[in-house]
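What follows is the content of query34.cif, which has mmCIF, C-alpha atoms:
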data_model
#
loop_
_atom_site.label_atom_id
_atom_site.label_comp_id
_atom_site.auth_asym_id
_atom_site.auth_seq_id
_atom_site.Cartn_x
_atom_site.Cartn_y
_atom_site.Cartn_z
CA MET A 1 -18.53 9.87 -25.64
CA SER A 2 -20.18 12.88 -23.87
CA GLU A 3 -21.16 13.47 -20.28
CA SER A 4 -23.06 16.55 -19.04
CA GLY A 5 -21.75 18.88 -21.78
CA LEU A 6 -18.23 17.46 -21.46
CA THR A 7 -16.57 15.01 -23.81
CA VAL A 8 -14.96 11.83 -22.54
CA LEU A 9 -12.06 10.60 -24.66
CA ASP A 10 -11.93 6.86 -24.01
CA GLY A 11 -10.13 5.72 -27.15
CA THR A 12 -13.29 5.18 -29.19
CA HIS A 13 -12.41 7.93 -31.67
CA LEU A 14 -9.00 6.40 -32.33
CA ARG A 15 -10.23 2.83 -32.78
CA SER A 16 -12.17 3.85 -35.89
CA PHE A 17 -9.18 5.82 -37.18
CA ASN A 18 -6.99 4.25 -39.89
CA PRO A 19 -3.76 6.27 -39.92
CA SER A 20 -1.54 6.38 -42.97
CA LEU A 21 1.97 7.64 -43.42
CA PRO A 22 2.75 10.68 -45.56
CA GLU A 23 4.95 10.13 -48.60
CA LEU A 24 8.43 9.19 -47.39
CA ASN A 25 11.73 9.48 -49.21
CA GLY A 26 13.51 6.43 -47.87
CA SER A 27 13.55 5.70 -44.14
CA VAL A 28 12.28 7.82 -41.25
CA SER A 29 13.73 8.26 -37.77
CA GLY A 30 11.80 7.22 -34.67
CA ALA A 31 11.72 10.87 -33.56
CA GLN A 32 10.18 11.99 -36.86
CA LEU A 33 7.72 9.11 -36.77
CA LEU A 34 6.57 10.04 -33.27
CA GLU A 35 5.90 13.61 -34.43
CA ILE A 36 3.79 12.25 -37.30
CA ALA A 37 1.94 9.83 -35.02
CA ASP A 38 1.26 12.43 -32.31
CA SER A 39 -0.03 14.86 -34.92
CA LYS A 40 -2.40 12.29 -36.41
CA ALA A 41 -3.68 11.23 -32.98
CA SER A 42 -4.20 14.88 -32.02
CA THR A 43 -6.15 15.56 -35.20
CA SER A 44 -8.41 12.59 -34.51
CA LEU A 45 -8.98 13.86 -30.95
CA PHE A 46 -10.35 17.28 -31.91
CA GLY A 47 -6.92 18.92 -31.96
CA LEU A 48 -6.08 17.95 -28.38
CA SER A 49 -2.45 18.49 -27.42
CA LEU A 50 -1.64 15.01 -26.10
CA PRO A 51 -0.44 15.00 -22.46
CA GLN A 52 3.19 13.93 -22.11
CA ASN A 53 2.36 11.09 -19.70
CA LEU A 54 -0.16 9.69 -22.19
CA LYS A 55 2.41 9.70 -25.00
CA ALA A 56 5.09 8.15 -22.80
CA SER A 57 2.78 5.37 -21.57
CA ALA A 58 1.61 4.59 -25.11
CA LEU A 59 5.19 4.47 -26.38
CA SER A 60 6.24 2.07 -23.61
CA ARG A 61 3.47 -0.30 -24.74
CA VAL A 62 4.91 -0.42 -28.25
CA ILE A 63 8.69 -0.36 -27.98
CA ALA A 64 10.77 -3.01 -26.23
CA GLY A 65 10.95 -1.97 -22.61
CA PRO A 66 9.87 1.18 -20.80
CA GLY A 67 12.19 3.91 -19.62
CA ASP A 68 14.27 6.79 -20.94
CA HIS A 69 16.93 4.54 -22.51
CA ALA A 70 14.44 2.66 -24.70
CA ASP A 71 12.80 5.96 -25.64
CA VAL A 72 16.09 7.55 -26.73
CA THR A 73 17.15 4.42 -28.63
CA PHE A 74 13.88 4.32 -30.55
CA ARG A 75 14.05 8.00 -31.46
CA GLN A 76 17.48 7.42 -33.00
CA THR A 77 16.41 4.32 -34.91
CA GLU A 78 15.81 4.48 -38.68
CA LEU A 79 12.67 2.64 -39.89
CA ASP A 80 11.71 1.67 -43.41
CA LYS A 81 8.21 2.28 -44.74
CA ASP A 82 6.73 -1.07 -43.64
CA LYS A 83 8.11 -0.87 -40.09
CA ALA A 84 7.10 2.78 -39.81
CA SER A 85 3.57 1.98 -40.95
CA LYS A 86 3.27 -0.83 -38.40
CA PHE A 87 4.59 1.39 -35.62
CA LEU A 88 2.13 4.14 -36.52
CA SER A 89 -0.81 1.74 -36.30
CA ASP A 90 0.45 0.13 -33.07
CA TYR A 91 1.15 3.50 -31.42
CA ILE A 92 -2.30 4.89 -32.23
CA SER A 93 -3.83 1.67 -30.84
CA ALA A 94 -1.68 2.03 -27.71
CA ILE A 95 -2.98 5.56 -27.14
CA ALA A 96 -6.52 4.21 -27.53
CA ASP A 97 -5.76 1.49 -24.96
CA GLU A 98 -4.34 4.06 -22.53
CA LEU A 99 -7.45 6.19 -22.92
CA LYS A 100 -9.67 3.17 -22.35
CA ASP A 101 -7.90 2.53 -19.05
CA ASP A 102 -7.71 6.17 -18.03
CA PRO A 103 -10.06 8.39 -20.09
CA LEU A 104 -9.62 12.14 -20.42
CA VAL A 105 -12.51 14.52 -19.75
CA VAL A 106 -12.37 17.57 -22.00
CA SER A 107 -14.32 20.58 -23.16
CA ILE A 108 -14.19 21.24 -26.90
CA LEU A 109 -14.56 24.98 -27.40
CA ASP A 110 -15.74 25.46 -30.97
CA GLY A 111 -17.73 28.69 -30.66
CA ASN A 112 -21.14 27.02 -30.55
CA THR A 113 -21.86 27.88 -26.91
CA LEU A 114 -21.11 31.55 -27.55
CA LYS A 115 -23.25 31.56 -30.70
CA MET A 116 -26.20 30.20 -28.70
CA PHE A 117 -26.00 33.22 -26.38
CA LEU A 118 -25.60 35.66 -29.27
CA GLU A 119 -28.45 34.25 -31.37
CA ASP A 120 -31.08 34.84 -28.68
CA GLU A 121 -31.53 38.51 -27.76
CA ASP A 122 -33.01 37.73 -24.35
CA ASP A 123 -30.26 35.27 -23.46
CA TYR A 124 -27.59 37.72 -24.51
CA ALA A 125 -29.20 40.60 -22.61
CA MET A 126 -29.31 38.48 -19.43
CA LEU A 127 -25.71 37.34 -19.91
CA ALA A 128 -24.46 40.91 -20.38
CA GLU A 129 -26.48 42.15 -17.40
CA ASN A 130 -25.19 39.42 -15.11
CA LEU A 131 -21.61 39.95 -16.20
CA PHE A 132 -21.87 43.71 -15.71
CA THR A 133 -23.29 43.23 -12.22
CA ASP A 134 -20.50 40.81 -11.32
CA MET A 135 -17.83 43.21 -12.60
CA ASP A 136 -19.41 46.25 -10.91
CA ILE A 137 -18.00 45.35 -7.51
CA GLU A 138 -18.47 48.84 -6.07
CA ASP A 139 -22.05 49.00 -7.35
CA LYS A 140 -21.46 52.33 -9.11
CA GLY A 141 -23.35 51.46 -12.28
CA LYS A 142 -20.10 52.00 -14.18
CA ILE A 143 -17.09 49.82 -14.94
CA CYS A 144 -13.84 50.47 -16.81
CA LYS A 145 -13.31 49.23 -20.35
CA ASN A 146 -10.44 47.05 -19.19
CA GLU A 147 -12.95 45.03 -17.13
CA LEU A 148 -13.96 43.34 -20.40
CA ARG A 149 -10.94 41.07 -19.94
CA ASN A 150 -12.13 40.05 -16.47
CA ALA A 151 -15.63 39.49 -17.86
CA LEU A 152 -14.26 36.96 -20.35
CA VAL A 153 -12.25 35.25 -17.61
CA HIS A 154 -15.39 35.17 -15.48
CA MET A 155 -17.35 33.48 -18.29
CA GLY A 156 -14.69 30.80 -18.53
CA VAL A 157 -14.73 27.41 -20.20
CA GLU A 158 -18.23 26.59 -18.99
CA MET A 159 -19.59 29.45 -21.09
CA GLY A 160 -17.34 28.80 -24.06
CA ILE A 161 -14.38 31.12 -23.36
CA PRO A 162 -10.94 29.47 -23.32
CA PRO A 163 -8.22 30.64 -20.92
CA PHE A 164 -6.11 33.47 -22.33
CA SER A 165 -3.05 31.22 -21.97
CA GLU A 166 -4.63 28.65 -24.32
CA PHE A 167 -6.04 31.20 -26.78
CA PRO A 168 -3.88 34.35 -26.84
CA LEU A 169 -5.87 35.64 -29.83
CA LEU A 170 -8.31 36.94 -27.20
CA ASN A 171 -5.81 39.71 -26.43
CA ASP A 172 -5.85 40.84 -30.05
CA ILE A 173 -9.66 40.73 -30.20
CA LEU A 174 -9.97 42.90 -27.08
CA LYS A 175 -7.43 45.38 -28.45
CA LYS A 176 -9.13 45.49 -31.85
CA HIS A 177 -12.44 46.50 -30.26
CA GLY A 178 -10.90 49.05 -27.91
CA ALA A 179 -11.63 47.11 -24.72
CA GLU A 180 -8.72 48.70 -22.90
CA GLY A 181 -8.09 51.63 -20.61
CA GLU A 182 -9.89 53.33 -17.76
CA GLU A 183 -12.80 54.83 -19.72
CA GLU A 184 -16.02 53.98 -17.89
CA LEU A 185 -19.00 52.18 -19.42
CA GLY A 186 -22.61 51.92 -18.35
CA GLN A 187 -24.46 48.62 -18.64
CA ALA A 188 -25.83 49.31 -22.13
CA GLN A 189 -22.41 50.42 -23.41
CA PHE A 190 -20.82 47.34 -21.87
CA ALA A 191 -23.32 45.06 -23.62
CA GLU A 192 -22.79 46.87 -26.91
CA LEU A 193 -19.00 46.46 -26.70
CA LEU A 194 -19.09 42.87 -25.47
CA GLN A 195 -21.25 41.57 -28.33
CA PRO A 196 -18.77 41.94 -31.23
CA ILE A 197 -15.97 40.63 -28.98
CA LEU A 198 -17.94 37.44 -28.31
CA GLN A 199 -18.94 37.16 -31.97
CA GLU A 200 -15.36 37.39 -33.19
CA THR A 201 -14.22 34.94 -30.50
CA ALA A 202 -16.93 32.48 -31.57
CA ASP A 203 -15.89 32.81 -35.23
CA ALA A 204 -12.22 32.27 -34.35
CA LEU A 205 -13.01 29.19 -32.27
CA SER A 206 -15.14 27.71 -35.05
CA GLU A 207 -12.01 27.79 -37.26
CA ASN A 208 -9.54 26.66 -34.58
CA HIS A 209 -11.05 24.64 -31.75
CA VAL A 210 -9.51 24.76 -28.30
CA VAL A 211 -9.60 21.57 -26.23
CA ILE A 212 -9.37 21.95 -22.46
CA ILE A 213 -8.56 18.93 -20.27
CA HIS A 214 -10.43 18.88 -16.97
CA ASN A 215 -8.94 17.55 -13.74
CA VAL A 216 -11.53 14.79 -13.59
CA LYS A 217 -10.87 11.09 -13.00
CA VAL A 218 -13.15 8.65 -14.81
CA VAL A 219 -13.48 5.43 -12.82
CA ASN A 220 -14.72 2.86 -15.32
CA GLY A 221 -13.65 -0.47 -13.84
CA SER A 222 -10.57 -0.94 -16.05
CA LYS A 223 -8.18 -1.17 -13.10
CA LEU A 224 -10.47 -3.68 -11.39
CA ARG A 225 -10.57 -5.85 -14.50
CA LYS A 226 -6.77 -5.90 -14.62
CA LEU A 227 -6.71 -6.84 -10.94
CA LEU A 228 -9.10 -9.73 -11.52
CA ALA A 229 -7.02 -10.96 -14.45
CA ASP A 230 -3.83 -11.03 -12.36
CA GLU A 231 -4.10 -13.99 -9.97
CA LYS A 232 -1.11 -12.97 -7.87
CA GLN A 233 -2.29 -9.39 -7.46
CA PHE A 234 -5.81 -10.56 -6.69
CA ASP A 235 -4.56 -13.04 -4.06
CA ASN A 236 -2.60 -10.22 -2.40
CA VAL A 237 -5.78 -8.16 -2.16
CA VAL A 238 -7.71 -11.11 -0.70
CA GLU A 239 -4.97 -11.65 1.88
CA ARG A 240 -5.03 -7.98 2.82
CA VAL A 241 -8.80 -8.03 3.25
CA LEU A 242 -8.67 -11.24 5.28
CA GLN A 243 -6.06 -9.84 7.64
CA GLU A 244 -8.06 -6.70 8.26
CA THR A 245 -11.42 -8.44 8.61
CA LYS A 246 -10.05 -11.10 10.97
CA SER A 247 -8.62 -8.40 13.19
CA GLY A 248 -12.10 -6.93 13.62
CA LYS A 249 -13.58 -7.10 17.08
CA ASP A 250 -16.99 -8.40 16.07
CA GLY A 251 -16.56 -11.98 14.93
CA LEU A 252 -20.22 -12.18 13.95
CA GLN A 253 -20.04 -9.29 11.54
CA LYS A 254 -21.28 -10.31 8.10
CA THR A 255 -18.86 -10.83 5.24
CA THR A 256 -20.77 -8.27 3.19
CA GLU A 257 -20.36 -5.62 5.87
CA LEU A 258 -16.67 -6.42 6.36
CA ILE A 259 -15.82 -6.19 2.66
CA ARG A 260 -17.88 -3.05 2.15
CA SER A 261 -16.17 -1.37 5.08
CA PHE A 262 -12.75 -2.37 3.75
CA PHE A 263 -13.38 -1.06 0.24
CA GLU A 264 -14.92 2.17 1.51
CA LYS A 265 -11.60 2.76 3.30
CA HIS A 266 -9.12 1.39 0.74
CA GLY A 267 -11.02 0.93 -2.53
CA LYS A 268 -9.13 3.74 -4.28
CA ASP A 269 -6.00 1.55 -4.17
CA PHE A 270 -7.71 -1.07 -6.33
CA GLY A 271 -9.56 1.08 -8.85
CA LEU A 272 -12.72 2.03 -6.97
CA PRO A 273 -13.82 5.66 -6.65
CA PRO A 274 -13.18 7.36 -3.27
CA SER A 275 -16.16 6.62 -1.04
CA GLU A 276 -16.56 10.31 -0.18
CA SER A 277 -16.58 11.47 -3.84
CA ASN A 278 -20.32 11.93 -4.42
CA ASP A 279 -23.75 10.35 -4.10
CA ALA A 280 -23.12 8.16 -7.15
CA VAL A 281 -20.49 6.23 -5.17
CA VAL A 282 -22.98 5.44 -2.41
CA LEU A 283 -25.44 4.21 -5.03
CA LEU A 284 -22.68 2.10 -6.60
CA TYR A 285 -21.92 0.35 -3.30
CA ASP A 286 -25.62 -0.16 -2.59
CA ALA A 287 -26.15 -1.68 -6.05
CA VAL A 288 -23.20 -4.08 -5.76
CA PHE A 289 -23.88 -5.31 -2.25
CA SER A 290 -27.59 -5.71 -2.88
CA GLU A 291 -26.67 -8.13 -5.70
CA VAL A 292 -24.31 -10.39 -3.80
CA GLU A 293 -25.85 -13.17 -1.79
CA ASN A 294 -25.45 -12.54 1.90
CA GLU A 295 -27.41 -15.33 3.53
CA GLU A 296 -25.33 -16.94 6.25
CA SER A 297 -22.59 -14.51 5.32
CA VAL A 298 -20.39 -14.61 8.37
CA VAL A 299 -16.74 -15.04 7.38
CA LYS A 300 -16.20 -18.53 5.94
CA ALA A 301 -13.16 -20.57 4.91
CA ASP A 302 -10.47 -18.67 3.07
CA ASN A 303 -11.15 -20.33 -0.31
CA GLU A 304 -14.86 -19.46 -0.07
CA PHE A 305 -13.97 -15.95 0.98
CA ARG A 306 -11.73 -15.65 -2.11
CA GLU A 307 -14.60 -16.57 -4.45
CA TYR A 308 -16.91 -14.20 -2.61
CA MET A 309 -14.38 -11.38 -3.05
CA LYS A 310 -14.04 -12.17 -6.76
CA ASP A 311 -17.81 -12.00 -7.15
CA VAL A 312 -17.95 -8.62 -5.42
CA LEU A 313 -15.13 -7.14 -7.53
CA LYS A 314 -16.64 -8.47 -10.76
CA LYS A 315 -19.90 -6.75 -9.91
CA PHE A 316 -18.08 -3.51 -9.17
CA ALA A 317 -16.31 -3.76 -12.54
CA GLU A 318 -19.58 -4.46 -14.39
CA GLN A 319 -21.38 -1.56 -12.69
CA LEU A 320 -18.54 0.85 -13.43
CA GLU A 321 -18.26 -0.26 -17.05
CA ASP A 322 -21.98 0.44 -17.54
CA ASN A 323 -22.03 3.60 -15.41
CA PRO A 324 -18.59 5.19 -14.95
CA ILE A 325 -18.18 7.57 -12.02
CA TYR A 326 -16.63 11.00 -12.49
CA CYS A 327 -14.50 12.31 -9.63
CA ASP A 328 -13.51 15.98 -9.65
CA LEU A 329 -9.91 15.97 -8.43
CA ASP A 330 -10.06 19.71 -7.67
CA ASP A 331 -12.63 19.19 -4.91
#
Rewrite the structure from the file as structure tokens, please.
Amino acid sequence: MSESGLTVLDGTHLRSFNPSLPELNGSVSGAQLLEIADSKASTSLFGLSLPQNLKASALSRVIAGPGDHADVTFRQTELDKDKASKFLSDYISAIADELKDDPLVVSILDGNTLKMFLEDEDDYAMLAENLFTDMDIEDKGKICKNELRNALVHMGVEMGIPPFSEFPLLNDILKKHGAEGEEELGQAQFAELLQPILQETADALSENHVVIIHNVKVVNGSKLRKLLADEKQFDNVVERVLQETKSGKDGLQKTTELIRSFFEKHGKDFGLPPSESNDAVVLLYDAVFSEVENEESVVKADNEFREYMKDVLKKFAEQLEDNPIYCDLDD
């Protein structure tokens, strides 16, 4: 699934994936099996290096009991082919389930963005000019060769350049093309030197993609659906809302207004996006509360209030499933 040039990994890729074990000579240890499973999941997810918390959560879904002890015990266990095959399938499914609940937002750097710049002379000329201007801090009309490194950093993931830490081959490419030292370059020389560097980087990325995880939270209603399915947890939320709304000074305030105010303050605790995130959150609240019936909506009996709350949360979950909200956690 893609969103604004980014890719959202929500488990869909893995659900259509049918993993198979390599040829085994006898049994396989849990540790070896996890390496196989992680490698197969990574391959299916564009070569993504799976985050440790994702792997740990998926494993706890499959083995008996969460925690370090169960993990260590499983890694030391020997499994025959049938048990290993079942674990592999279950573990891949567990990763898919984890991603459905908490999707990852990534950029897949495969060289295509760079090639788009390079294939159009005007686009490349503008790119090189803008980069030169940004690097020429002192406005001398000259920059040092070693500024090529900073130019690549400045381009960044958005323009198809991975971080040096994720793609150290960039160091070799710069060295190969002599983009080092204090020798000064004019704008035309800079553009001439930059072009083969970008071309070689694009070619390298087309062979070995780099996947960058963004610090973005996808709020898709999964946490709300779990809340609604857990009667005890849902009742606790209702009680919390009732206590806060009953303590309000205005006894005539409408139920709709009371609940909206509560969730704007505390909704993040229950799987709603922070109310201050962006305009999409305001539109979400407007859409939900325009749907719920609010005639004669002063606070009613507790059992009626409970059903009203359930209706509101269901609508939030439906809206978020259809139109997930993306919250940049770096903001």
### Task
List every protein, DNA or RNA residue with an atom no more than 9 Å from (-19.0, 45.1, -18.8) in the file's coordinates, counting all atoms listed in the file, and format the result as a count of residues only.
26
### Message
The residues within 12 Å of (-2.7, 5.5, -9.0), using only C-alpha atoms and the coordinates of the file, should be reported as a list in words; which are they?
### Response
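The distance filter leaves exactly Asp101, Asp102, Lys217, Val219, Lys223, Gly267, Lys268, Asp269, Phe270, Gly271, Leu272 and Pro273 of chain A.
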### Message
List as a ChimeraX atom specification the protein and nucleic acid residues near A:Lys265, meaning an atom at most 9 Å away when all atoms listed in the file are counted, but skip any in the same chain fewer than 4 places from it.
### Response
/A:260-261,274-275
### Query
Which of these residues is nearest to A:Cys327, using all atoms listed in the file: A:Phe234, A:Lys315, A:Leu284, A:Val216?
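Using all atoms listed in the file, A:Cys327 sits closest to A:Val216.
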### Task
Give me the result of the PyMOL selection byres ((chain A and resi 154-170) around 9) on this file, residue by residue, as an MDAnalysis selection string.
chainID A and resid 5 107:114 131 134:135 149:153 171:175 197:198 201:202 204 210:212
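The closest residue to A:Lys55, picked from A:Ser16, A:Thr73, A:Leu228, A:Asp97 and counting all atoms listed in the file, is A:Asp97.
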### the PyMOL selection byres ((chain A and resi 321-325) around 7) applied to the shown file, residues as a ChimeraX atom specification
/A:218-221,280,317-320,326-327
### Task
Report as a ChimeraX atom specification the residues that result from applying the PyMOL selection byres ((chain A and resi 22-36) around 7) to the structure here.
/A:20-21,37-40,74-81
Atoms added to stretch 303-314 of chain A (all heavy atoms), reported as a short mmCIF file (atom, residue, chain, number, x, y, z; two decimals), keeping the file's coordinate frame:
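So result_35.cif came out as:
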data_model
loop_
_atom_site.label_atom_id
_atom_site.label_comp_id
_atom_site.auth_asym_id
_atom_site.auth_seq_id
_atom_site.Cartn_x
_atom_site.Cartn_y
_atom_site.Cartn_z
N ASN A 303 -10.89 -20.12 1.11
CA ASN A 303 -11.15 -20.33 -0.31
C ASN A 303 -12.54 -19.84 -0.70
O ASN A 303 -12.75 -19.33 -1.80
CB ASN A 303 -10.98 -21.82 -0.66
CG ASN A 303 -11.97 -22.71 0.06
OD1 ASN A 303 -12.36 -22.40 1.20
ND2 ASN A 303 -12.37 -23.80 -0.56
N GLU A 304 -13.52 -19.98 0.20
CA GLU A 304 -14.86 -19.46 -0.07
C GLU A 304 -14.85 -17.94 -0.06
O GLU A 304 -15.52 -17.28 -0.86
CB GLU A 304 -15.85 -20.01 0.96
CG GLU A 304 -16.06 -21.51 0.87
CD GLU A 304 -16.99 -22.02 1.95
OE1 GLU A 304 -17.28 -21.25 2.89
OE2 GLU A 304 -17.43 -23.17 1.86
N PHE A 305 -14.08 -17.40 0.87
CA PHE A 305 -13.97 -15.95 0.98
C PHE A 305 -13.37 -15.38 -0.31
O PHE A 305 -13.79 -14.33 -0.80
CB PHE A 305 -13.09 -15.59 2.18
CG PHE A 305 -13.01 -14.13 2.49
CD1 PHE A 305 -13.97 -13.53 3.29
CD2 PHE A 305 -12.00 -13.34 1.95
CE1 PHE A 305 -13.90 -12.17 3.57
CE2 PHE A 305 -11.94 -11.98 2.22
CZ PHE A 305 -12.89 -11.40 3.04
N ARG A 306 -12.38 -16.09 -0.87
CA ARG A 306 -11.73 -15.65 -2.11
C ARG A 306 -12.75 -15.56 -3.25
O ARG A 306 -12.77 -14.57 -3.99
CB ARG A 306 -10.61 -16.64 -2.46
CG ARG A 306 -9.78 -16.24 -3.66
CD ARG A 306 -8.71 -17.29 -3.92
NE ARG A 306 -7.79 -16.87 -4.95
CZ ARG A 306 -8.02 -16.94 -6.25
NH1 ARG A 306 -9.19 -17.42 -6.68
NH2 ARG A 306 -7.12 -16.53 -7.13
N GLU A 307 -13.59 -16.58 -3.39
CA GLU A 307 -14.60 -16.57 -4.45
C GLU A 307 -15.63 -15.47 -4.22
O GLU A 307 -16.11 -14.84 -5.17
CB GLU A 307 -15.29 -17.94 -4.53
CG GLU A 307 -14.38 -19.05 -5.05
CD GLU A 307 -13.73 -18.69 -6.37
OE1 GLU A 307 -14.46 -18.28 -7.30
OE2 GLU A 307 -12.48 -18.79 -6.48
N TYR A 308 -15.95 -15.25 -2.96
CA TYR A 308 -16.91 -14.20 -2.61
C TYR A 308 -16.34 -12.84 -3.00
O TYR A 308 -17.03 -12.00 -3.58
CB TYR A 308 -17.19 -14.26 -1.11
CG TYR A 308 -18.32 -13.37 -0.65
CD1 TYR A 308 -19.64 -13.79 -0.74
CD2 TYR A 308 -18.06 -12.11 -0.13
CE1 TYR A 308 -20.68 -12.97 -0.32
CE2 TYR A 308 -19.09 -11.29 0.29
CZ TYR A 308 -20.40 -11.72 0.20
OH TYR A 308 -21.42 -10.91 0.61
N MET A 309 -15.05 -12.63 -2.70
CA MET A 309 -14.38 -11.38 -3.05
C MET A 309 -14.38 -11.18 -4.56
O MET A 309 -14.62 -10.09 -5.07
CB MET A 309 -12.94 -11.42 -2.55
CG MET A 309 -12.77 -10.98 -1.11
SD MET A 309 -12.71 -9.19 -1.01
CE MET A 309 -11.20 -8.86 -1.89
N LYS A 310 -14.08 -12.26 -5.30
CA LYS A 310 -14.04 -12.17 -6.76
C LYS A 310 -15.41 -11.77 -7.31
O LYS A 310 -15.52 -10.94 -8.22
CB LYS A 310 -13.59 -13.49 -7.37
CG LYS A 310 -13.47 -13.48 -8.88
CD LYS A 310 -12.84 -14.75 -9.43
CE LYS A 310 -11.37 -14.80 -9.15
NZ LYS A 310 -10.70 -15.93 -9.86
N ASP A 311 -16.45 -12.32 -6.72
CA ASP A 311 -17.81 -12.00 -7.15
C ASP A 311 -18.12 -10.53 -6.91
O ASP A 311 -18.68 -9.84 -7.77
CB ASP A 311 -18.81 -12.89 -6.38
CG ASP A 311 -20.23 -12.75 -6.90
OD1 ASP A 311 -20.40 -12.61 -8.13
OD2 ASP A 311 -21.17 -12.78 -6.09
N VAL A 312 -17.71 -10.03 -5.75
CA VAL A 312 -17.95 -8.62 -5.42
C VAL A 312 -17.21 -7.71 -6.40
O VAL A 312 -17.77 -6.75 -6.95
CB VAL A 312 -17.51 -8.32 -3.97
CG1 VAL A 312 -17.52 -6.81 -3.71
CG2 VAL A 312 -18.42 -9.02 -2.98
N LEU A 313 -15.93 -7.99 -6.64
CA LEU A 313 -15.13 -7.14 -7.53
C LEU A 313 -15.63 -7.19 -8.97
O LEU A 313 -15.60 -6.19 -9.68
CB LEU A 313 -13.66 -7.54 -7.46
CG LEU A 313 -12.96 -7.21 -6.14
CD1 LEU A 313 -11.53 -7.73 -6.15
CD2 LEU A 313 -12.96 -5.72 -5.87
N LYS A 314 -16.07 -8.37 -9.42
CA LYS A 314 -16.64 -8.47 -10.76
C LYS A 314 -17.87 -7.59 -10.89
O LYS A 314 -18.07 -6.93 -11.92
CB LYS A 314 -17.01 -9.92 -11.07
CG LYS A 314 -15.84 -10.80 -11.48
CD LYS A 314 -16.32 -12.21 -11.82
CE LYS A 314 -15.16 -13.08 -12.29
NZ LYS A 314 -15.60 -14.48 -12.56
#
